[in-house]
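**Q** So here's run.tsv (TSV, C-alpha atoms).
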chain	number	residue	atom	x	y	z
A	1	MET	CA	-185.64	190.54	-50.06
A	2	ALA	CA	-184.61	189.07	-46.70
A	3	LYS	CA	-182.68	185.90	-46.11
A	4	ILE	CA	-183.14	183.37	-43.36
A	5	VAL	CA	-179.67	182.08	-42.54
A	6	VAL	CA	-179.12	178.70	-40.92
A	7	ASP	CA	-175.64	178.00	-39.60
A	8	VAL	CA	-174.78	174.37	-38.89
A	9	MET	CA	-171.72	173.35	-36.88
A	10	LEU	CA	-170.47	169.99	-35.68
A	11	LYS	CA	-170.98	169.68	-31.92
A	12	PRO	CA	-167.82	170.61	-29.98
A	13	GLU	CA	-167.26	167.01	-28.85
A	14	ILE	CA	-167.41	165.63	-32.42
A	15	LEU	CA	-164.02	165.30	-34.11
A	16	ASP	CA	-163.70	167.62	-37.13
A	17	PRO	CA	-160.77	166.30	-39.17
A	18	GLN	CA	-161.51	168.74	-42.02
A	19	GLY	CA	-161.32	171.69	-39.64
A	20	GLN	CA	-158.10	170.28	-38.20
A	21	ALA	CA	-156.55	169.97	-41.67
A	22	ILE	CA	-157.48	173.58	-42.43
A	23	GLY	CA	-156.21	174.60	-39.00
A	24	SER	CA	-152.83	173.06	-39.67
A	25	ALA	CA	-152.62	174.74	-43.10
A	26	LEU	CA	-153.17	178.29	-41.78
A	27	PRO	CA	-149.83	178.58	-39.89
A	28	ARG	CA	-148.05	177.42	-43.04
A	29	LEU	CA	-149.51	180.51	-44.75
A	30	GLY	CA	-148.27	182.74	-41.97
A	31	PHE	CA	-151.48	182.93	-39.94
A	32	SER	CA	-149.74	181.59	-36.90
A	33	PHE	CA	-152.22	183.16	-34.45
A	34	ALA	CA	-154.99	180.74	-35.57
A	35	LYS	CA	-155.25	178.26	-32.71
A	36	SER	CA	-157.91	175.96	-34.16
A	37	VAL	CA	-160.51	175.80	-36.92
A	38	ARG	CA	-163.95	174.20	-36.99
A	39	GLN	CA	-165.70	173.88	-40.34
A	40	GLY	CA	-169.46	174.27	-40.70
A	41	LYS	CA	-172.24	174.86	-43.23
A	42	ARG	CA	-174.33	177.93	-43.98
A	43	PHE	CA	-177.75	177.82	-45.67
A	44	GLU	CA	-179.42	180.95	-47.08
A	45	ILE	CA	-183.17	180.74	-47.59
A	46	GLU	CA	-184.70	183.67	-49.46
A	47	VAL	CA	-188.21	184.83	-48.60
A	48	GLU	CA	-190.51	187.58	-49.87
A	49	GLY	CA	-190.42	190.56	-47.52
A	50	GLN	CA	-189.61	190.16	-43.85
A	51	PRO	CA	-189.88	186.59	-42.55
A	52	THR	CA	-192.66	186.01	-40.04
A	53	GLN	CA	-192.16	184.35	-36.68
A	54	ILE	CA	-194.04	181.31	-38.01
A	55	GLN	CA	-191.71	181.05	-41.00
A	56	LEU	CA	-188.70	181.21	-38.69
A	57	GLU	CA	-190.15	178.43	-36.57
A	58	GLU	CA	-190.83	176.38	-39.71
A	59	ILE	CA	-187.23	176.83	-40.84
A	60	GLY	CA	-186.16	175.72	-37.37
A	61	LYS	CA	-188.10	172.50	-37.93
A	62	ALA	CA	-186.55	172.09	-41.38
A	63	ALA	CA	-183.11	172.59	-39.85
A	64	GLU	CA	-183.81	169.96	-37.22
A	65	THR	CA	-185.10	167.36	-39.69
A	66	LEU	CA	-183.00	167.97	-42.81
A	67	LEU	CA	-180.40	170.74	-42.76
A	68	ALA	CA	-178.71	169.53	-39.58
A	69	ASN	CA	-178.34	166.13	-37.95
A	70	PRO	CA	-178.96	166.84	-34.24
A	71	VAL	CA	-177.00	163.69	-33.33
A	72	ILE	CA	-173.74	165.35	-34.35
A	73	GLU	CA	-174.56	168.97	-35.22
A	74	ASN	CA	-175.91	172.18	-33.65
A	75	PHE	CA	-177.67	174.86	-35.67
A	76	SER	CA	-178.82	178.45	-35.33
A	77	VAL	CA	-181.45	180.40	-37.30
A	78	ARG	CA	-181.27	184.17	-37.93
A	79	VAL	CA	-182.49	186.79	-40.41
A	80	GLU	CA	-180.16	188.75	-42.67
A	81	ASN	CA	-181.33	191.71	-44.76
B	1	MET	CA	-187.92	134.33	-50.34
B	2	LYS	CA	-187.84	137.81	-51.81
B	3	VAL	CA	-185.19	140.26	-50.65
B	4	GLY	CA	-185.42	143.81	-51.98
B	5	VAL	CA	-182.35	145.84	-52.89
B	6	VAL	CA	-182.97	149.58	-53.13
B	7	THR	CA	-181.36	151.65	-55.88
B	8	PHE	CA	-181.11	155.34	-55.11
B	9	PRO	CA	-179.66	157.76	-57.67
B	10	GLY	CA	-175.96	157.29	-56.96
B	11	SER	CA	-176.12	153.79	-55.44
B	12	LEU	CA	-173.11	151.72	-56.53
B	13	ASP	CA	-173.26	148.35	-54.82
B	14	ASP	CA	-176.86	147.41	-55.54
B	15	ARG	CA	-175.81	144.87	-58.22
B	16	ASP	CA	-173.36	143.13	-55.90
B	17	ALA	CA	-175.92	143.12	-53.11
B	18	ALA	CA	-178.47	141.51	-55.45
B	19	ARG	CA	-175.85	138.96	-56.52
B	20	ALA	CA	-175.11	138.13	-52.88
B	21	VAL	CA	-178.84	137.62	-52.25
B	22	ARG	CA	-179.01	135.19	-55.17
B	23	ALA	CA	-175.83	133.41	-54.06
B	24	ALA	CA	-177.46	132.84	-50.70
B	25	GLY	CA	-180.43	131.21	-52.44
B	26	ALA	CA	-183.05	133.95	-52.34
B	27	GLU	CA	-184.75	135.97	-55.05
B	28	SER	CA	-183.54	139.54	-55.32
B	29	VAL	CA	-186.08	142.23	-56.16
B	30	ALA	CA	-184.93	145.61	-57.45
B	31	LEU	CA	-186.59	148.47	-55.56
B	32	TRP	CA	-186.39	152.00	-56.98
B	33	HIS	CA	-186.04	155.00	-54.69
B	34	ALA	CA	-189.29	156.44	-56.04
B	35	ASP	CA	-191.33	153.24	-55.47
B	36	ALA	CA	-194.34	153.71	-53.24
B	37	ASP	CA	-194.53	150.04	-52.23
B	38	LEU	CA	-192.10	147.22	-51.54
B	39	HIS	CA	-193.41	144.68	-54.12
B	40	GLY	CA	-193.97	142.00	-51.51
B	41	VAL	CA	-190.38	141.67	-50.31
B	42	GLU	CA	-189.76	140.17	-46.88
B	43	ALA	CA	-186.43	141.89	-46.20
B	44	VAL	CA	-184.61	144.91	-47.60
B	45	ILE	CA	-180.97	145.80	-48.24
B	46	LEU	CA	-179.87	149.43	-48.53
B	47	PRO	CA	-176.65	149.19	-50.54
B	48	GLY	CA	-173.44	151.18	-50.61
B	49	GLY	CA	-172.67	154.09	-52.87
B	50	PHE	CA	-173.20	157.83	-52.90
B	51	SER	CA	-176.97	158.23	-52.90
B	52	TYR	CA	-178.03	161.70	-54.07
B	53	GLY	CA	-174.32	162.46	-54.46
B	54	ASP	CA	-173.86	162.47	-50.66
B	55	TYR	CA	-175.21	166.03	-50.85
B	56	LEU	CA	-175.86	167.78	-47.52
B	57	ARG	CA	-174.77	164.72	-45.46
B	58	CYS	CA	-174.39	161.08	-46.46
B	59	GLY	CA	-177.86	159.54	-46.45
B	60	ALA	CA	-179.64	162.75	-45.42
B	61	ILE	CA	-181.65	163.16	-48.62
B	62	SER	CA	-182.17	159.43	-49.28
B	63	ARG	CA	-183.87	159.19	-45.93
B	64	PHE	CA	-186.77	161.17	-47.41
B	65	ALA	CA	-187.01	159.13	-50.66
B	66	PRO	CA	-190.53	157.76	-51.24
B	67	VAL	CA	-189.43	154.12	-50.81
B	68	MET	CA	-187.96	154.92	-47.39
B	69	SER	CA	-191.26	155.81	-45.73
B	70	MET	CA	-192.51	152.25	-46.28
B	71	ILE	CA	-189.15	150.71	-45.31
B	72	ILE	CA	-189.01	152.72	-42.07
B	73	LYS	CA	-192.57	151.71	-41.19
B	74	GLN	CA	-191.99	148.00	-41.87
B	75	ALA	CA	-188.58	148.00	-40.15
B	76	GLN	CA	-190.29	149.34	-37.04
B	77	GLU	CA	-192.71	146.41	-37.33
B	78	GLY	CA	-189.85	143.89	-37.50
B	79	MET	CA	-188.94	143.48	-41.18
B	80	PRO	CA	-185.21	142.66	-41.56
B	81	VAL	CA	-183.27	145.59	-43.01
B	82	LEU	CA	-179.52	145.61	-43.67
B	83	GLY	CA	-177.75	148.88	-44.45
B	84	ILE	CA	-174.27	148.54	-45.88
B	85	CYS	CA	-171.94	151.57	-45.93
B	86	ASN	CA	-174.12	154.32	-47.45
B	87	GLY	CA	-177.08	152.16	-46.38
B	88	PHE	CA	-175.82	152.31	-42.77
B	89	GLN	CA	-175.65	156.10	-43.10
B	90	VAL	CA	-179.25	156.13	-44.40
B	91	LEU	CA	-180.40	154.00	-41.42
B	92	CYS	CA	-178.77	156.44	-38.97
B	93	GLU	CA	-180.30	159.44	-40.72
B	94	SER	CA	-183.66	157.62	-40.60
B	95	HIS	CA	-183.24	157.14	-36.82
B	96	LEU	CA	-183.72	153.39	-37.24
B	97	LEU	CA	-180.23	153.12	-35.76
B	98	PRO	CA	-178.59	155.52	-33.28
B	99	GLY	CA	-175.48	157.60	-33.94
B	100	ALA	CA	-174.01	158.99	-37.13
B	101	LEU	CA	-171.15	158.30	-39.53
B	102	THR	CA	-168.63	161.12	-39.89
B	103	ARG	CA	-165.45	161.79	-41.85
B	104	ASN	CA	-162.67	159.22	-41.29
B	105	HIS	CA	-160.23	160.55	-38.71
B	106	GLY	CA	-157.38	160.40	-41.23
B	107	LEU	CA	-159.49	162.21	-43.88
B	108	HIS	CA	-158.60	159.56	-46.46
B	109	PHE	CA	-161.06	157.55	-48.49
B	110	LEU	CA	-160.16	154.02	-47.43
B	111	CYS	CA	-160.33	150.94	-49.62
B	112	THR	CA	-158.90	147.91	-47.87
B	113	ASP	CA	-159.59	144.32	-46.87
B	114	GLN	CA	-160.60	144.76	-43.25
B	115	LYS	CA	-160.46	142.27	-40.40
B	116	LEU	CA	-163.54	142.30	-38.16
B	117	ARG	CA	-164.89	140.37	-35.23
B	118	ILE	CA	-168.57	139.40	-35.30
B	119	GLU	CA	-169.84	139.96	-31.76
B	120	LYS	CA	-173.61	139.71	-32.02
B	121	THR	CA	-175.16	136.67	-33.67
B	122	ASP	CA	-178.80	136.97	-32.60
B	123	THR	CA	-179.74	139.44	-35.33
B	124	ALA	CA	-181.65	138.75	-38.54
B	125	TRP	CA	-178.43	139.23	-40.51
B	126	THR	CA	-175.77	137.48	-38.40
B	127	SER	CA	-177.38	134.29	-37.06
B	128	SER	CA	-175.28	132.11	-39.41
B	129	PHE	CA	-172.06	133.30	-37.72
B	130	VAL	CA	-170.40	131.83	-34.66
B	131	SER	CA	-170.05	134.57	-32.05
B	132	GLY	CA	-166.51	135.95	-31.86
B	133	VAL	CA	-165.53	134.74	-35.33
B	134	GLU	CA	-162.99	136.89	-37.18
B	135	ILE	CA	-163.68	137.69	-40.83
B	136	VAL	CA	-162.06	139.71	-43.63
B	137	ILE	CA	-164.27	141.76	-45.97
B	138	PRO	CA	-163.70	145.00	-47.92
B	139	LEU	CA	-164.03	148.40	-46.25
B	140	LYS	CA	-164.33	151.37	-48.62
B	141	ASN	CA	-165.59	154.76	-47.53
B	142	GLY	CA	-164.68	158.34	-46.73
B	143	GLU	CA	-167.20	158.85	-43.95
B	144	GLY	CA	-167.18	155.71	-41.85
B	145	SER	CA	-166.30	156.98	-38.40
B	146	PHE	CA	-169.13	155.91	-36.10
B	147	GLN	CA	-169.98	158.63	-33.56
B	148	CYS	CA	-172.61	158.90	-30.84
B	149	ASP	CA	-172.91	160.43	-27.39
B	150	ASP	CA	-171.58	158.66	-24.27
B	151	GLU	CA	-175.04	157.57	-23.15
B	152	THR	CA	-175.85	155.95	-26.52
B	153	LEU	CA	-172.48	154.20	-26.56
B	154	GLU	CA	-173.08	152.86	-23.07
B	155	ILE	CA	-176.50	151.52	-24.12
B	156	LEU	CA	-175.10	149.88	-27.28
B	157	GLU	CA	-172.37	148.14	-25.27
B	158	ARG	CA	-174.59	147.19	-22.33
B	159	GLU	CA	-177.28	145.73	-24.58
B	160	GLY	CA	-174.68	143.93	-26.70
B	161	ARG	CA	-175.77	145.70	-29.89
B	162	VAL	CA	-172.30	146.01	-31.41
B	163	VAL	CA	-172.57	143.58	-34.32
B	164	ALA	CA	-168.99	143.92	-35.62
B	165	ARG	CA	-165.81	145.60	-34.44
B	166	TYR	CA	-162.65	146.54	-36.35
B	167	LEU	CA	-159.54	144.50	-35.54
B	168	GLY	CA	-155.94	145.57	-36.21
B	169	ASP	CA	-155.07	149.22	-36.83
B	170	ASP	CA	-157.95	151.64	-36.21
B	171	PRO	CA	-159.16	152.47	-39.74
B	172	ASN	CA	-161.36	155.50	-39.13
B	173	GLY	CA	-161.68	156.62	-35.50
B	174	SER	CA	-165.06	155.01	-34.83
B	175	ARG	CA	-166.03	155.04	-31.15
B	176	ASN	CA	-165.06	151.73	-29.51
B	177	ARG	CA	-163.93	150.55	-32.97
B	178	ILE	CA	-167.55	149.94	-33.95
B	179	ALA	CA	-168.02	148.63	-37.51
B	180	GLY	CA	-171.68	147.69	-37.23
B	181	ILE	CA	-174.64	147.88	-34.85
B	182	SER	CA	-178.20	146.65	-34.62
B	183	ASN	CA	-181.44	148.04	-33.24
B	184	ALA	CA	-182.78	146.64	-29.96
B	185	ARG	CA	-184.96	144.07	-31.75
B	186	GLY	CA	-182.10	142.83	-33.96
B	187	ASN	CA	-183.98	143.10	-37.26
B	188	VAL	CA	-182.18	146.27	-38.40
B	189	VAL	CA	-178.40	146.07	-38.86
B	190	GLY	CA	-176.02	148.72	-40.17
B	191	LEU	CA	-172.54	147.76	-41.28
B	192	MET	CA	-169.78	149.97	-42.67
B	193	PRO	CA	-167.72	147.21	-44.37
B	194	HIS	CA	-169.07	145.38	-47.42
B	195	PRO	CA	-170.08	141.71	-47.05
B	196	GLU	CA	-171.64	141.72	-50.54
B	197	HIS	CA	-168.14	142.10	-52.07
B	198	ALA	CA	-166.91	139.00	-50.24
B	199	ILE	CA	-169.18	136.12	-51.18
B	200	ASP	CA	-166.83	134.29	-53.54
B	201	PRO	CA	-163.00	134.01	-53.34
B	202	LEU	CA	-162.90	134.53	-57.13
B	203	THR	CA	-164.15	138.13	-56.84
B	204	GLY	CA	-163.38	139.11	-53.25
B	205	PRO	CA	-160.84	138.63	-50.48
B	206	SER	CA	-162.90	135.78	-49.00
B	207	ALA	CA	-166.40	134.33	-48.85
B	208	ASP	CA	-166.75	135.65	-45.29
B	209	GLY	CA	-169.60	137.99	-46.24
B	210	LEU	CA	-172.01	135.31	-47.41
B	211	PRO	CA	-173.36	134.38	-43.93
B	212	PHE	CA	-174.99	137.84	-43.67
B	213	PHE	CA	-177.22	136.87	-46.57
B	214	THR	CA	-177.85	133.25	-45.57
B	215	SER	CA	-178.72	134.47	-42.04
B	216	VAL	CA	-181.72	136.43	-43.25
B	217	LEU	CA	-182.99	133.44	-45.24
B	218	THR	CA	-182.84	131.28	-42.12
B	219	GLN	CA	-184.72	133.99	-40.28
B	220	LEU	CA	-187.43	134.23	-42.96
B	221	VAL	CA	-187.80	130.45	-43.36
B	222	GLY	CA	-188.11	130.04	-39.60
B	223	LYS	CA	-191.00	132.52	-39.34
Can the structure from this file be put into structure tokens for me?
**A**
Amino acid sequence: MAKIVVDVMLKPEILDPQGQAIGSALPRLGFSFAKSVRQGKRFEIEVEGQPTQIQLEEIGKAAETLLANPVIENFSVRVEN
Amino acid sequence: MKVGVVTFPGSLDDRDAARAVRAAGAESVALWHADADLHGVEAVILPGGFSYGDYLRCGAISRFAPVMSMIIKQAQEGMPVLGICNGFQVLCESHLLPGALTRNHGLHFLCTDQKLRIEKTDTAWTSSFVSGVEIVIPLKNGEGSFQCDDETLEILEREGRVVARYLGDDPNGSRNRIAGISNARGNVVGLMPHPEHAIDPLTGPSADGLPFFTSVLTQLVGK
């Protein structure tokens, strides 16, 4: 069973206060090398067998209309086995 | 005059919105998220709350509720639509209004009586205001920071489509302190603060919110 993975991230120019809060917590735990954190979302869509090119394109459309909001977010689609 | 108020699973302020509609002298009609038609209403309010639990993004799933396809179609044809708080988020997700609402810059859920300036009075929902008037109505949200790209912001400012702006301390990091905007035609308005909670000094900080609801009646009567 393969998975189509969609990663969604806020665009770089959009303020990410959640990422900032996490980023300021890491040094307190000793991870002082962490310069900044951005928080995103990951969607895993299971399909039977290997996903076809058409299915990947369809998921791209789904990402554009529902999974991500292109006004504030970027997304990427990939296959994971 | 029939004004519809939509209830999504997770809507909270639909009752207050309906009460505000009645206080303004109109008949409120309850619309359910699964309704396929609008029961003859002449305007629609999308109320505050946490529709569909705010899952995925605020308003992202509501935008595809059955009732929304008819609302989007009629809004594009000129029907007055007011989105308050979660309703504003639904309007942005529906692309009836530009931009998006993101997490408050301080990360806190805010609940406060907020001072605003009404800057645009030629919309279906603000014609009863005097331009530049300052009002105080409740603001209560976790994701109320209005964001858009530079080009969109420039268009909103140039076309005078900022309906309301925050005064005093910046509550949430919205671009240009934007609290509410309209579409180009002025029939669709999105507002982060809650006028429906401020229609009677007995139950709110003021009655400053009532003109939003009387405005739409004037608009409908004048048609």
**Q** Between atom CA of A:Arg78 and atom CA of A:Pro12, what is the distance in Å, rounded to a tenth?
**A** 20.7 Å
**Q** Can you list, as a list of chain:residue names, every protein, DNA or RNA residue that comes within 10 Å of B:Ser182 when you count all atoms listed in the file, leaving out same-chain residues fewer than 3 positions away?
**A**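 Listing them by chain and then by number gives B:Val81, B:Leu82, B:Leu96, B:Leu97, B:Pro98, B:Lys120, B:Asp122, B:Thr123, B:Ala124, B:Trp125, B:Leu156, B:Gly160, B:Arg161, B:Val162, B:Val163, B:Ala164, B:Arg185, B:Gly186, B:Asn187, B:Val188, B:Val189, B:Gly190, B:Leu191.
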**Q** Give the padded box for stretch 208-216 of chain B as lines of an AutoDock Vina configuration file: axis-aligned, covering all atoms listed in the file, 6 Å on each side, centre and edge lengths in Å to one decimal.
**A**
center_x = -174.2
center_y = 135.6
center_z = -44.7
size_x = 27.0
size_y = 16.7
size_z = 17.4
**Q** May I ask for the distance between atom CA of A:Leu56 and atom CA of A:Arg42, given in Å to one decimal place?
**A** 15.7 Å
**Q** Please check the contacts: residues of chain B at most 10 Å away from chain A, using only C-alpha atoms, listed as a list in words.
**A**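 The answer, sorted by residue number, is Leu56, Arg57, Ala60, Ile61, Arg63, Phe64, Cys92, Glu93, Ser94, His95, Pro98, Gly99, Ala100, Leu101, Thr102, Arg103, Asn104, His105, Gly106, Leu107, Ser145, Gln147, Cys148, Asp149 and Gly173 of chain B.
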**Q** As an exercise, work out the distance from atom CA of B:Gln74 to atom CA of B:Asp35 in Å and give it to one decimal place.
**A** 14.6 Å
**Q** For B:Pro66, work out the shell of residues within 12 Å, counting only C-alpha atoms and skipping chain neighbours fewer than 5 positions away, then give it as a list in words.
**A**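 My list of contacting residues is Val6, Thr7, Phe8, Leu31, Trp32, His33, Ala34, Asp35, Ala36, Asp37, Leu38, Ile61, Ile71, Ile72 and Lys73 of chain B.
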**Q** At a cut-off of 10 Å, using all atoms listed in the file, what residues contact B:Phe129? Leave out same-chain residues fewer than 6 positions from it and give the result as a compact mmCIF listing (two decimals) with C-alpha atoms, in the coordinates of the input.
**A**
# COMPACT_ATOMS: atom_id res chain seq x y z
CA ILE B 118 -168.57 139.40 -35.30
CA GLU B 119 -169.84 139.96 -31.76
CA LYS B 120 -173.61 139.71 -32.02
CA THR B 121 -175.16 136.67 -33.67
CA ASP B 122 -178.80 136.97 -32.60
CA ILE B 135 -163.68 137.69 -40.83
CA ASP B 208 -166.75 135.65 -45.29
CA LEU B 210 -172.01 135.31 -47.41
CA PRO B 211 -173.36 134.38 -43.93
CA PHE B 212 -174.99 137.84 -43.67
CA THR B 214 -177.85 133.25 -45.57
CA SER B 215 -178.72 134.47 -42.04
**Q** Determine, counting only C-alpha atoms, which protein, DNA and RNA residues have an atom within 10 Å of an atom of stretch 10-12 of chain B; residues of the same chain fewer than 2 positions away are not included. Present the result as a list in words.
**A**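 Near stretch 10-12 of chain B, the qualifying residues are Val6, Thr7, Phe8, Asp14, Arg15, Asp16, Ala17, Leu46, Pro47, Gly48, Gly49, Phe50, Ser51, Tyr52, Gly53, Asp54, Asn86 and Gly87 of chain B.
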